[in-house]
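Note: the block below is start-v8.cif and it holds mmCIF, C-alpha atoms.
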data_input
loop_
_atom_site.label_atom_id
_atom_site.label_comp_id
_atom_site.auth_asym_id
_atom_site.auth_seq_id
_atom_site.Cartn_x
_atom_site.Cartn_y
_atom_site.Cartn_z
CA MET M 1 6.66 -60.82 -37.59
CA MET M 2 5.90 -57.37 -39.06
CA GLN M 3 9.06 -55.37 -39.61
CA PRO M 4 8.92 -51.86 -38.08
CA TYR M 5 9.22 -48.82 -40.30
CA LEU M 6 12.79 -47.52 -40.09
CA ASP M 7 12.70 -43.72 -39.81
CA THR M 8 16.22 -42.87 -40.95
CA SER M 9 17.42 -39.29 -41.07
CA VAL M 10 19.53 -38.61 -44.18
CA PRO M 11 17.70 -39.06 -47.52
CA ALA M 12 19.21 -41.67 -49.84
CA GLY M 13 21.88 -40.28 -52.15
CA VAL M 14 22.32 -37.06 -50.18
CA ASP M 15 25.75 -36.05 -48.84
CA PRO M 16 25.51 -36.12 -45.01
CA GLY M 17 27.76 -33.11 -44.57
CA GLU M 18 25.72 -30.94 -46.93
CA TYR M 19 22.52 -32.19 -45.31
CA ALA M 20 23.82 -31.28 -41.84
CA ARG M 21 24.53 -27.73 -43.05
CA LEU M 22 21.00 -27.51 -44.50
CA LEU M 23 19.52 -28.73 -41.20
CA ARG M 24 21.43 -26.07 -39.28
CA ARG M 25 19.96 -23.39 -41.56
CA VAL M 26 16.49 -24.86 -41.00
CA HIS M 27 17.08 -24.93 -37.25
CA GLN M 28 18.18 -21.30 -37.21
CA ALA M 29 15.25 -20.15 -39.34
CA VAL M 30 12.60 -21.99 -37.36
CA LEU M 31 13.89 -20.80 -33.98
CA SER M 32 14.23 -17.20 -35.18
CA GLY M 33 10.77 -17.15 -36.77
CA GLY M 34 12.09 -16.99 -40.33
CA ARG M 35 11.24 -19.00 -43.43
CA PRO M 36 13.16 -22.31 -43.39
CA PRO M 37 14.96 -23.31 -46.61
CA ALA M 38 13.54 -26.85 -46.40
CA SER M 39 10.95 -28.88 -44.52
CA LEU M 40 11.77 -31.12 -41.61
CA ARG M 41 10.69 -34.74 -41.54
CA PRO M 42 7.13 -34.83 -40.15
CA VAL M 43 8.23 -36.82 -37.08
CA ILE M 44 10.86 -34.17 -36.29
CA ALA M 45 8.53 -31.22 -37.00
CA ASP M 46 5.90 -32.71 -34.68
CA SER M 47 8.52 -33.26 -31.99
CA TRP M 48 9.78 -29.66 -32.25
CA GLU M 49 6.23 -28.42 -31.76
CA ARG M 50 5.89 -30.48 -28.58
CA VAL M 51 9.30 -29.35 -27.36
CA ARG M 52 8.63 -25.65 -27.97
CA ARG M 53 5.41 -25.92 -26.00
CA SER M 54 7.46 -27.42 -23.14
CA ARG M 55 9.68 -24.30 -23.27
CA VAL M 56 12.91 -26.22 -23.73
CA ASP M 57 15.82 -23.80 -24.16
CA PRO M 58 17.71 -24.79 -27.34
CA ASP M 59 20.90 -23.31 -25.94
CA ALA M 60 20.81 -24.53 -22.36
CA ALA M 61 18.79 -27.74 -22.18
CA ARG M 62 20.42 -30.43 -20.08
CA PRO M 63 19.14 -33.74 -18.72
CA THR M 64 17.39 -33.59 -15.37
CA PRO M 65 19.61 -34.18 -12.30
CA VAL M 66 21.17 -37.63 -12.28
CA LEU M 67 19.48 -40.19 -10.04
CA PRO M 68 21.27 -41.10 -6.83
CA ARG M 69 23.12 -44.40 -7.09
CA GLU M 70 20.67 -46.24 -4.84
CA GLU M 71 17.64 -45.09 -6.85
CA LEU M 72 19.35 -45.93 -10.14
CA GLN M 73 20.07 -49.43 -8.86
CA ARG M 74 16.43 -49.81 -7.84
CA HIS M 75 15.23 -48.91 -11.34
CA ARG M 76 17.79 -51.29 -12.85
CA SER M 77 16.62 -54.17 -10.69
CA ALA M 78 12.97 -53.49 -11.56
CA SER M 79 13.57 -53.30 -15.32
CA PRO M 80 12.63 -56.39 -17.40
CA LEU M 81 15.57 -55.43 -19.63
CA ALA M 82 18.10 -56.24 -16.91
CA ASP M 83 18.16 -59.95 -17.77
CA LEU M 84 18.65 -59.09 -21.45
CA LEU M 85 21.69 -56.88 -20.86
CA PRO M 86 24.30 -59.58 -21.74
CA MET M 87 22.56 -60.19 -25.10
CA LEU M 88 22.27 -56.46 -25.80
CA ARG M 89 25.95 -55.91 -25.06
CA GLN M 90 26.99 -58.88 -27.19
CA SER M 91 24.87 -57.63 -30.10
CA LEU M 92 25.87 -53.97 -30.03
CA MET M 93 29.25 -53.52 -28.37
CA GLY M 94 31.25 -54.81 -31.34
CA VAL M 95 29.77 -52.10 -33.55
CA ALA M 96 30.12 -49.51 -30.78
CA GLU M 97 33.84 -50.24 -30.45
CA GLU M 98 34.52 -50.22 -34.20
CA ALA M 99 32.40 -47.19 -35.13
CA SER M 100 33.05 -44.97 -32.08
CA TYR M 101 29.53 -45.28 -30.67
CA ILE M 102 28.19 -45.65 -27.19
CA MET M 103 25.44 -48.11 -26.38
CA VAL M 104 22.62 -46.96 -24.11
CA VAL M 105 19.79 -48.96 -22.54
CA ALA M 106 16.97 -46.84 -21.11
CA ASP M 107 13.66 -47.51 -19.38
CA GLU M 108 10.18 -46.47 -20.53
CA ARG M 109 10.58 -43.04 -18.89
CA CYS M 110 13.71 -42.25 -20.91
CA ARG M 111 16.05 -42.79 -17.95
CA VAL M 112 19.50 -44.07 -18.90
CA LEU M 113 19.95 -47.29 -16.93
CA TRP M 114 23.13 -48.62 -18.56
CA ARG M 115 25.78 -47.13 -20.81
CA ASP M 116 28.83 -48.71 -22.41
CA GLY M 117 31.33 -47.97 -25.15
CA PRO M 118 34.92 -46.91 -25.84
CA VAL M 119 36.54 -44.79 -23.14
CA ARG M 120 36.91 -41.81 -25.48
CA MET M 121 33.23 -41.92 -26.41
CA ARG M 122 32.16 -42.25 -22.79
CA ARG M 123 34.07 -39.04 -22.03
CA ILE M 124 32.29 -37.26 -24.88
CA ALA M 125 28.99 -38.64 -23.62
CA ASP M 126 29.80 -37.26 -20.16
CA SER M 127 30.14 -33.79 -21.69
CA THR M 128 26.66 -33.96 -23.27
CA GLY M 129 25.02 -35.45 -20.19
CA VAL M 130 24.48 -38.99 -21.52
CA VAL M 131 25.28 -40.59 -18.17
CA GLU M 132 23.67 -43.38 -16.19
CA GLY M 133 20.73 -42.02 -14.25
CA SER M 134 20.06 -39.06 -16.58
CA GLN M 135 16.62 -38.53 -18.11
CA TRP M 136 16.28 -37.93 -21.87
CA SER M 137 12.62 -37.21 -22.46
CA GLU M 138 11.62 -34.54 -24.98
CA GLU M 139 10.45 -32.36 -22.09
CA ALA M 140 13.91 -32.48 -20.53
CA VAL M 141 16.30 -32.10 -23.48
CA GLY M 142 14.19 -31.57 -26.59
CA THR M 143 14.06 -33.74 -29.69
CA ASN M 144 16.45 -36.69 -29.41
CA ALA M 145 16.40 -40.28 -30.62
CA LEU M 146 15.67 -41.85 -27.22
CA GLY M 147 12.95 -39.48 -26.04
CA THR M 148 11.30 -39.08 -29.43
CA SER M 149 11.36 -42.77 -30.39
CA LEU M 150 9.54 -43.58 -27.16
CA ALA M 151 7.12 -40.68 -27.74
CA VAL M 152 6.18 -42.00 -31.21
CA ASP M 153 6.77 -45.64 -30.24
CA ARG M 154 8.86 -46.70 -33.23
CA PRO M 155 12.54 -46.93 -34.27
CA LEU M 156 13.97 -43.52 -35.08
CA GLN M 157 17.25 -41.94 -36.12
CA VAL M 158 17.99 -38.29 -35.27
CA TYR M 159 20.86 -36.51 -36.99
CA SER M 160 22.73 -33.28 -36.37
CA ALA M 161 20.44 -30.20 -36.21
CA GLU M 162 17.32 -32.35 -36.13
CA HIS M 163 18.15 -32.29 -32.42
CA TYR M 164 16.34 -29.33 -30.92
CA THR M 165 19.20 -28.32 -28.63
CA ARG M 166 22.35 -26.98 -30.27
CA GLY M 167 24.59 -28.92 -27.91
CA LEU M 168 23.60 -32.13 -29.71
CA HIS M 169 24.13 -30.97 -33.31
CA GLN M 170 27.44 -32.82 -33.53
CA VAL M 171 25.95 -36.25 -32.83
CA THR M 172 23.71 -38.82 -34.48
CA CYS M 173 21.61 -41.32 -32.53
CA SER M 174 19.50 -44.35 -33.43
CA SER M 175 16.92 -45.70 -30.98
CA ALA M 176 14.39 -48.54 -31.01
CA PRO M 177 11.76 -49.25 -28.34
CA VAL M 178 11.56 -52.70 -26.75
CA HIS M 179 7.99 -53.84 -26.07
CA ASP M 180 6.47 -56.26 -23.60
CA PRO M 181 4.98 -59.00 -25.84
CA ARG M 182 2.19 -59.61 -23.34
CA ASN M 183 0.59 -56.19 -23.60
CA GLY M 184 2.51 -54.18 -26.21
CA ARG M 185 3.78 -51.61 -23.74
CA ALA M 186 7.24 -50.12 -24.22
CA LEU M 187 9.66 -51.33 -21.54
CA GLY M 188 12.41 -49.01 -22.68
CA ALA M 189 14.74 -48.59 -25.63
CA VAL M 190 18.18 -49.50 -26.96
CA ILE M 191 20.29 -46.74 -28.49
CA LEU M 192 23.53 -46.28 -30.41
CA SER M 193 24.95 -42.75 -30.36
CA GLY M 194 28.06 -41.33 -31.96
CA PRO M 195 29.57 -38.44 -33.94
CA ALA M 196 27.36 -36.96 -36.67
CA ARG M 197 29.91 -37.89 -39.33
CA THR M 198 29.21 -41.61 -38.65
CA VAL M 199 25.53 -41.41 -39.59
CA HIS M 200 24.35 -44.43 -41.59
CA PRO M 201 20.91 -46.04 -42.09
CA THR M 202 22.24 -49.49 -41.17
CA THR M 203 22.81 -48.28 -37.60
CA LEU M 204 19.07 -47.89 -37.14
CA ALA M 205 18.46 -51.24 -38.84
CA LEU M 206 20.86 -52.91 -36.40
CA VAL M 207 19.31 -51.29 -33.32
CA SER M 208 15.83 -52.22 -34.53
CA ALA M 209 16.85 -55.84 -35.14
CA VAL M 210 18.40 -56.09 -31.67
CA ALA M 211 15.22 -54.65 -30.10
CA GLN M 212 13.16 -57.26 -31.95
CA HIS M 213 15.49 -59.99 -30.73
CA ALA M 214 15.02 -58.72 -27.17
CA GLU M 215 11.25 -58.91 -27.63
CA SER M 216 11.62 -62.45 -28.96
CA GLN M 217 13.46 -63.49 -25.81
CA LEU M 218 10.78 -61.88 -23.66
CA ARG M 219 8.15 -63.73 -25.68
CA GLY M 220 9.92 -67.02 -24.98
CA ARG M 221 9.85 -66.28 -21.26
CA HIS M 222 6.14 -65.54 -21.48
CA HIS M 223 5.53 -68.90 -23.17
CA ALA M 224 7.48 -70.59 -20.38
CA HIS M 225 5.26 -68.82 -17.83
CA LEU M 226 2.15 -70.12 -19.61
CA GLU M 227 3.59 -73.64 -19.47
CA ARG M 228 4.07 -73.33 -15.72
CA LEU M 229 0.52 -72.03 -15.37
CA ARG M 230 -0.76 -75.07 -17.30
CA ALA M 231 1.07 -77.34 -14.88
CA VAL M 232 -0.45 -75.55 -11.88
CA ALA M 233 -3.96 -75.74 -13.37
CA ALA M 234 -3.81 -79.36 -14.56
CA PRO M 235 -4.97 -80.96 -11.26
CA LEU M 236 -7.83 -78.47 -10.99
CA LEU M 237 -9.08 -79.04 -14.53
CA SER M 238 -8.99 -82.81 -14.23
CA GLY M 239 -12.02 -82.82 -11.93
CA ILE M 240 -14.05 -80.09 -13.64
CA ARG M 241 -16.96 -81.00 -15.94
CA GLU M 242 -18.00 -77.48 -16.93
CA ASN M 243 -16.44 -75.00 -19.36
CA VAL M 244 -13.35 -73.47 -17.82
CA LEU M 245 -10.47 -71.30 -18.97
CA VAL M 246 -7.07 -70.57 -17.43
CA VAL M 247 -5.35 -67.31 -18.35
CA ASP M 248 -2.34 -65.39 -17.11
CA SER M 249 -2.55 -61.97 -15.46
CA ASP M 250 -2.66 -60.27 -18.87
CA GLY M 251 -5.46 -62.51 -20.15
CA TRP M 252 -3.40 -64.81 -22.41
CA THR M 253 -4.87 -68.29 -22.49
CA ALA M 254 -2.76 -71.05 -20.93
CA THR M 255 -5.26 -73.91 -21.18
CA ALA M 256 -8.99 -74.68 -21.27
CA ALA M 257 -11.45 -77.52 -20.79
CA GLY M 258 -14.82 -78.10 -22.44
CA MET M 259 -14.59 -75.12 -24.77
CA ASP M 260 -12.76 -73.64 -27.71
CA PRO M 261 -10.64 -70.98 -25.96
CA PRO M 262 -9.94 -67.47 -27.24
CA ARG M 263 -6.28 -66.60 -27.69
CA ARG M 264 -6.67 -63.79 -25.18
CA VAL M 265 -9.34 -62.48 -22.82
CA LEU M 266 -9.53 -58.76 -22.08
CA LEU M 267 -9.42 -58.57 -18.29
CA PRO M 268 -10.81 -55.48 -16.54
CA ARG M 269 -8.60 -53.55 -14.17
CA GLY M 270 -8.85 -54.51 -10.56
CA LEU M 271 -10.27 -57.96 -11.34
CA GLN M 272 -11.17 -59.76 -8.12
CA ASP M 273 -12.33 -63.17 -7.02
CA GLY M 274 -16.05 -63.56 -7.81
CA GLY M 275 -18.38 -62.54 -10.60
CA ALA M 276 -17.29 -60.41 -13.57
CA TRP M 277 -18.44 -59.71 -17.09
CA LEU M 278 -15.70 -60.44 -19.63
CA SER M 279 -15.81 -59.38 -23.25
CA GLY M 280 -16.50 -62.36 -25.50
CA LEU M 281 -17.37 -64.67 -22.59
CA GLY M 282 -20.26 -62.93 -20.86
CA GLN M 283 -20.87 -63.24 -17.14
CA CYS M 284 -18.17 -65.37 -15.49
CA GLN M 285 -16.89 -66.56 -12.16
CA VAL M 286 -13.19 -65.92 -11.71
CA GLU M 287 -10.77 -67.43 -9.19
CA PRO M 288 -7.14 -66.38 -8.65
CA LEU M 289 -4.30 -68.75 -9.47
CA PRO M 290 -0.56 -68.22 -8.93
CA GLY M 291 0.28 -65.96 -11.88
CA GLY M 292 -3.19 -65.99 -13.43
CA TRP M 293 -6.91 -66.67 -13.24
CA LEU M 294 -9.31 -69.57 -13.55
CA ILE M 295 -12.43 -68.44 -15.42
CA ARG M 296 -15.80 -70.24 -15.46
CA PRO M 297 -18.04 -68.74 -18.17
CA GLY M 298 -21.63 -68.64 -16.92
CA GLY M 299 -23.30 -68.73 -20.32
CA GLY M 300 -25.27 -65.96 -21.93
CA GLU M 301 -23.96 -62.64 -23.11
CA ALA M 302 -24.44 -59.48 -21.09
CA PRO M 303 -26.78 -56.78 -22.42
CA ALA M 304 -25.35 -54.59 -25.16
CA PRO M 305 -23.01 -51.82 -24.01
CA THR M 306 -24.45 -48.33 -23.75
CA GLU M 307 -21.38 -46.08 -23.63
CA VAL M 308 -17.82 -46.08 -24.89
CA VAL M 309 -15.18 -43.53 -23.90
CA LEU M 310 -12.02 -43.23 -25.98
CA ASP M 311 -9.41 -41.48 -23.84
CA LEU M 312 -6.57 -40.02 -25.89
CA ALA M 313 -5.78 -37.25 -23.41
CA GLY M 314 -4.51 -39.17 -20.40
CA ALA M 315 -0.92 -39.10 -19.25
CA ALA M 316 -0.72 -42.85 -19.75
CA ALA M 317 -1.29 -44.76 -22.98
CA PRO M 318 -4.61 -44.33 -24.84
CA GLU M 319 -7.39 -46.56 -23.59
CA VAL M 320 -11.06 -47.33 -24.11
CA THR M 321 -13.74 -47.72 -21.44
CA VAL M 322 -16.91 -49.66 -22.25
CA ARG M 323 -19.92 -49.43 -19.94
CA GLY M 324 -23.27 -51.18 -19.86
CA PRO M 325 -25.96 -52.56 -17.54
CA SER M 326 -23.54 -55.23 -16.30
CA GLY M 327 -20.80 -52.77 -15.40
CA GLY M 328 -17.77 -51.51 -17.26
CA TRP M 329 -14.16 -52.21 -18.05
CA THR M 330 -11.14 -50.30 -19.34
CA HIS M 331 -8.54 -51.60 -21.76
CA ARG M 332 -5.31 -50.19 -23.17
CA LEU M 333 -5.43 -49.98 -26.96
CA THR M 334 -2.89 -50.63 -29.67
CA LEU M 335 -2.03 -47.65 -31.84
CA ARG M 336 -3.88 -49.12 -34.82
CA HIS M 337 -7.05 -49.68 -32.81
CA CYS M 338 -6.80 -46.12 -31.42
CA GLU M 339 -6.58 -44.80 -34.96
CA LEU M 340 -9.57 -46.84 -36.11
CA LEU M 341 -11.82 -45.86 -33.21
CA PHE M 342 -10.86 -42.20 -33.52
CA LEU M 343 -11.58 -42.18 -37.25
CA LEU M 344 -14.92 -43.91 -36.70
CA SER M 345 -15.81 -41.32 -34.05
CA ARG M 346 -15.39 -38.61 -36.69
CA HIS M 347 -17.70 -40.41 -39.10
CA ARG M 348 -20.65 -41.69 -37.10
CA GLU M 349 -22.51 -42.46 -40.33
CA GLY M 350 -19.90 -45.14 -41.03
CA CYS M 351 -16.81 -45.73 -43.16
CA SER M 352 -16.07 -48.18 -45.94
CA ALA M 353 -12.90 -50.28 -45.82
CA ALA M 354 -11.53 -48.19 -48.70
CA ARG M 355 -12.07 -44.95 -46.83
CA LEU M 356 -10.37 -46.30 -43.70
CA ALA M 357 -7.49 -47.60 -45.83
CA ALA M 358 -7.02 -44.14 -47.33
CA ASP M 359 -7.11 -42.50 -43.89
CA LEU M 360 -4.71 -45.03 -42.37
CA PHE M 361 -2.25 -45.66 -45.20
CA GLY M 362 -2.99 -43.09 -47.89
CA ASP M 363 -3.90 -46.08 -50.09
CA PRO M 364 -7.58 -47.05 -50.56
CA GLU M 365 -6.50 -50.40 -52.01
CA ARG M 366 -5.20 -51.80 -48.71
CA LEU M 367 -8.54 -53.39 -47.92
CA VAL M 368 -7.27 -56.73 -46.59
CA THR M 369 -5.23 -55.06 -43.84
CA VAL M 370 -8.14 -52.86 -42.77
CA ARG M 371 -10.61 -55.73 -42.70
CA ALA M 372 -8.24 -57.88 -40.64
CA GLU M 373 -7.71 -55.08 -38.09
CA MET M 374 -11.43 -54.36 -37.89
CA SER M 375 -12.13 -58.05 -37.32
CA ARG M 376 -9.70 -58.09 -34.39
CA LEU M 377 -11.14 -54.86 -33.00
CA ARG M 378 -14.71 -56.18 -33.16
CA ARG M 379 -13.70 -59.40 -31.38
CA HIS M 380 -12.13 -57.39 -28.57
CA LEU M 381 -14.94 -54.85 -28.25
CA GLY M 382 -18.06 -56.96 -28.43
CA GLY M 383 -21.16 -54.96 -29.32
CA VAL M 384 -19.27 -51.71 -29.89
CA VAL M 385 -18.45 -51.70 -33.62
CA GLU M 386 -20.61 -52.86 -36.54
CA SER M 387 -19.69 -53.60 -40.16
CA ARG M 388 -21.06 -52.72 -43.63
CA PRO M 389 -20.22 -49.92 -43.20
CA TYR M 390 -17.86 -49.90 -40.24
CA ARG M 391 -19.42 -47.75 -37.53
CA PHE M 392 -20.22 -47.51 -33.84
CA SER M 393 -23.30 -49.51 -32.88
CA GLU M 394 -26.68 -47.81 -33.05
CA GLY M 395 -27.73 -46.09 -29.82
CA LEU M 396 -24.23 -46.25 -28.31
CA ARG M 397 -23.06 -43.06 -26.59
CA VAL M 398 -19.55 -42.25 -27.76
CA ALA M 399 -17.21 -39.78 -26.05
CA VAL M 400 -13.68 -38.95 -27.17
CA ARG M 401 -11.25 -37.20 -24.83
CA THR M 402 -8.55 -35.43 -26.81
CA PRO M 403 -5.43 -33.60 -25.59
CA ASP M 404 -5.30 -29.83 -25.31
CA TYR M 405 -2.65 -29.49 -28.02
CA ALA M 406 -2.88 -30.81 -31.57
CA ALA M 407 0.64 -32.29 -31.59
CA ASP M 408 -0.31 -34.53 -28.65
CA LEU M 409 -3.13 -36.23 -30.58
CA LEU M 410 -1.81 -39.78 -31.11
CA PRO M 411 1.80 -38.55 -31.61
CA ALA M 412 2.92 -42.05 -32.61
CA SER M 413 0.56 -42.04 -35.60
CA SER M 414 1.63 -41.05 -39.10
CA ALA M 415 -1.75 -41.94 -40.64
CA PRO M 416 -2.98 -39.28 -43.11
CA GLY M 417 -6.39 -39.12 -41.43
CA ILE M 418 -4.81 -38.47 -38.03
CA ARG M 419 -2.47 -35.82 -39.43
CA ARG M 420 -5.46 -34.04 -40.98
CA ALA M 421 -7.25 -34.16 -37.64
CA ARG M 422 -4.23 -32.57 -35.93
CA GLU M 423 -4.21 -29.79 -38.52
CA GLU M 424 -7.93 -29.16 -38.01
CA VAL M 425 -7.47 -29.01 -34.23
CA ALA M 426 -4.55 -26.60 -34.62
CA ARG M 427 -6.53 -24.33 -36.96
CA ALA M 428 -9.49 -24.31 -34.58
CA ALA M 429 -7.21 -23.41 -31.66
CA HIS M 430 -5.84 -20.42 -33.58
CA GLY M 431 -9.30 -19.16 -34.48
#
This structure in structure tokens:
Amino acid sequence: MMQPYLDTSVPAGVDPGEYARLLRRVHQAVLSGGRPPASLRPVIADSWERVRRSRVDPDAARPTPVLPREELQRHRSASPLADLLPMLRQSLMGVAEEASYIMVVADERCRVLWRDGPVRMRRIADSTGVVEGSQWSEEAVGTNALGTSLAVDRPLQVYSAEHYTRGLHQVTCSSAPVHDPRNGRALGAVILSGPARTVHPTTLALVSAVAQHAESQLRGRHHAHLERLRAVAAPLLSGIRENVLVVDSDGWTATAAGMDPPRRVLLPRGLQDGGAWLSGLGQCQVEPLPGGWLIRPGGGEAPAPTEVVLDLAGAAAPEVTVRGPSGGWTHRLTLRHCELLFLLSRHREGCSAARLAADLFGDPERLVTVRAEMSRLRRHLGGVVESRPYRFSEGLRVAVRTPDYAADLLPASSAPGIRRAREEVARAAHG
């Protein structure tokens, strides 16, 4: 499993107290329009830009009104993290008690679903608004570990005056998103928050490890679901002589007969009983099963796609729509595949693996990683991307929908090529 990048706040070897004082001077200078004495971390600078556009008041920002008890309970019951709560408490509460932290579990919309910790720390949390049912998005309270880690979709520590609102300058928080292993979507986050003087990089490492453990447990439950789907499909497959595939509702293969199955099939939204064109399988007949689909590939690939739309401006996660003579389908993209398609859209003549490696990692030598990602992307998007050089297929109409503001262009990406694109968009917007 790839270890996530840990975005800690205090540079190694730097005294936290001195660094907090420096951050307060930076905060004051930036908000007053002066020249800051130092640069913020890019992830924090980007967040401040988003927050200022949202007109968050650095002196008065508070979480949105707390959810009524009945609505909070409804969100708790619907959260996939509810069943993991005993494990999360067991993993984090010992540290919370010893180090004067509170533990928070939030959903994907930055709503605090559960909170626990020492009584004294819960009282302090009450004074800052970290209560069950409060909402901690960047738009509500400015830059903070919970809201910003979910905005950039990676573990993040926020310290002292890196918080946009002055009421949070005395705290440090570490947050890590928890993802659904079936589709990569963030289900929420786990957070440890405490006094600024307790800042330490290992806090973020612990939170990140616990989030990964939560994802591992969710992955185990998904495997158990696939096993049940195999059992349901076994009697059906025993009498079938043609190629057939059984997948769950997210397209993960449970079992197959007469064919070498793909690991996953990209299913279009609103899939219904009957005929459908599926990427990599061609025209198929699909039938619903409890918790999944039975797919009968009909043989023969559909005509080449004619249009691809990369939507980076929607309120939901980035997605790609592919259309052709046989219809169209829309699929949510991983961050890496978003980055690759966006970079290719800026270079229709094509890109070498070295150029993509430089744009993604700042290192043109990381060819193996780029080639592996491009191979996966081409398998998913049949007929859309070509190689040698990597480019969109000839004759394909390509449209890219970008957000109105530069800071909203793939905010989770730290790739050099994406950062340059944001700067170009910002310069163009300012004439």
The PyMOL selection byres ((chain M and resi 419) around 12) resolved against shown file, as an MDAnalysis selection string: chainID M and resid 42:43 46 339 343 359:362 406:418 420:426
Picked residues, the PyMOL selection byres ((chain M and resi 174-189) around 8), expected as number ranges by chain: M: 79-81, 105-110, 145-146, 149-150, 153-158, 172-173, 190-193, 203-204, 207-208, 211-212, 214-215, 218-219, 222, 250, 252, 334
Interatomic distance, CA of Leu312 in chain M to CA of Val400 in chain M (Å, one decimal): 7.3 Å
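Taking CA of Met93 in chain M and CA of Val119 in chain M as endpoints, the distance between them is 12.5 Å.
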Specify as an mmCIF file with C-alpha atoms, in the frame of the given file each residue included when the PyMOL selection byres ((chain M and resi 139) around 7) is applied to this file.
data_model
loop_
_atom_site.group_PDB
_atom_site.id
_atom_site.type_symbol
_atom_site.label_atom_id
_atom_site.label_comp_id
_atom_site.auth_asym_id
_atom_site.auth_seq_id
_atom_site.Cartn_x
_atom_site.Cartn_y
_atom_site.Cartn_z
ATOM 1 C CA VAL M 51 9.300 -29.350 -27.360
ATOM 2 C CA SER M 54 7.460 -27.420 -23.140
ATOM 3 C CA VAL M 56 12.910 -26.220 -23.730
ATOM 4 C CA SER M 137 12.620 -37.210 -22.460
ATOM 5 C CA GLU M 138 11.620 -34.540 -24.980
ATOM 6 C CA ALA M 140 13.910 -32.480 -20.530
ATOM 7 C CA VAL M 141 16.300 -32.100 -23.480
ATOM 8 C CA GLY M 142 14.190 -31.570 -26.590
#
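Every protein, DNA or RNA residue with an atom at most 12 Å from Gly129 in chain M, where all atoms listed in the file count and chain neighbours fewer than 5 positions away do not, is listed here: Ala60, Ala61, Arg62, Pro63, Thr64, Pro65, Val66, Arg111, Val112, Arg115, Arg122, Arg123, Ile124, Ser134, Gln135, Trp136, Ala140, Val141, Gly167 and Leu168 of chain M.
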Expected answer as a PyMOL selection string: all residues with atoms within 8 Å of (-9.1, -60.9, -18.9), only C-alpha atoms: chain M and resi 247+249-252+264-268+278
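Picture a line from CA of Ala224 in chain M to CA of Thr253 in chain M; it runs 12.7 Å.
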Here's a test: counting all atoms listed in the file, identify every protein, DNA and RNA residue with an atom at most 7 Å from (-21.3, -42.3, -28.0) in the file's coordinate frame, and state them as a compact mmCIF listing (two decimals) with C-alpha atoms, keeping the file's coordinate frame.
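Produced file part32.txt, reproduced below:
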# COMPACT_ATOMS: atom_id res chain seq x y z
CA GLU M 307 -21.38 -46.08 -23.63
CA VAL M 308 -17.82 -46.08 -24.89
CA LEU M 396 -24.23 -46.25 -28.31
CA ARG M 397 -23.06 -43.06 -26.59
CA VAL M 398 -19.55 -42.25 -27.76
CA ALA M 399 -17.21 -39.78 -26.05
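Take the candidates M:Val95, M:Gly34, M:Pro318, M:Gly133 and check each one against Arg336 in chain M using all atoms listed in the file; the shortest distance goes to M:Pro318.
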Selection: 8 Å around Thr321 in chain M, all atoms listed in the file, excl. self and same-chain fewer than 2 positions, as a ChimeraX atom specification: /M:308-311,319,323,328-331
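Distances from M:His200, M:Arg69, M:His347, M:Arg376 to Gly13 in chain M were compared using only C-alpha atoms, and the smallest one belongs to M:His200.
For the choices M:Val244, M:Ala12, M:Ala161, M:Arg50, the atom-to-atom distance to His27 in chain M is smallest for M:Ala161 when using all atoms listed in the file.
Near range 377-382 of chain M, within a cut-off of 9 Å and counting all atoms listed in the file, sit the residues M:Val265, M:Leu266, M:Ser279, M:Gly280, M:Ala304, M:Pro305, M:Val322, M:His337, M:Leu340, M:Ala372, M:Ser387, with same-chain residues fewer than 5 positions away left out.
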Exercise: Thr143 in chain M partners within 7 Å, all atoms listed in the file, chain neighbours under 4 positions left out, as a short mmCIF file (atom, residue, chain, number, x, y, z; two decimals) with C-alpha atoms, in the coordinates of the input:
data_model
loop_
_atom_site.label_atom_id
_atom_site.label_comp_id
_atom_site.auth_asym_id
_atom_site.auth_seq_id
_atom_site.Cartn_x
_atom_site.Cartn_y
_atom_site.Cartn_z
CA SER M 47 8.52 -33.26 -31.99
CA TRP M 48 9.78 -29.66 -32.25
CA VAL M 51 9.30 -29.35 -27.36
CA GLU M 138 11.62 -34.54 -24.98
CA GLY M 147 12.95 -39.48 -26.04
CA THR M 148 11.30 -39.08 -29.43
CA HIS M 163 18.15 -32.29 -32.42
CA TYR M 164 16.34 -29.33 -30.92
#
Polymer residues at most 10 Å from Arg120 in chain M, all atoms listed in the file, same-chain spacing of 6 or more positions, as a VMD selection string: chain M and resid 100 to 102 126
Using only the atoms of range 339-345 of chain M listed in the file, plus 8 Å on each side, state the axis-aligned box centre and edge lengths in Å rounded to one decimal, as lines of an AutoDock Vina configuration file.
center_x = -11.2
center_y = -44.1
center_z = -35.2
size_x = 25.2
size_y = 21.5
size_z = 20.0
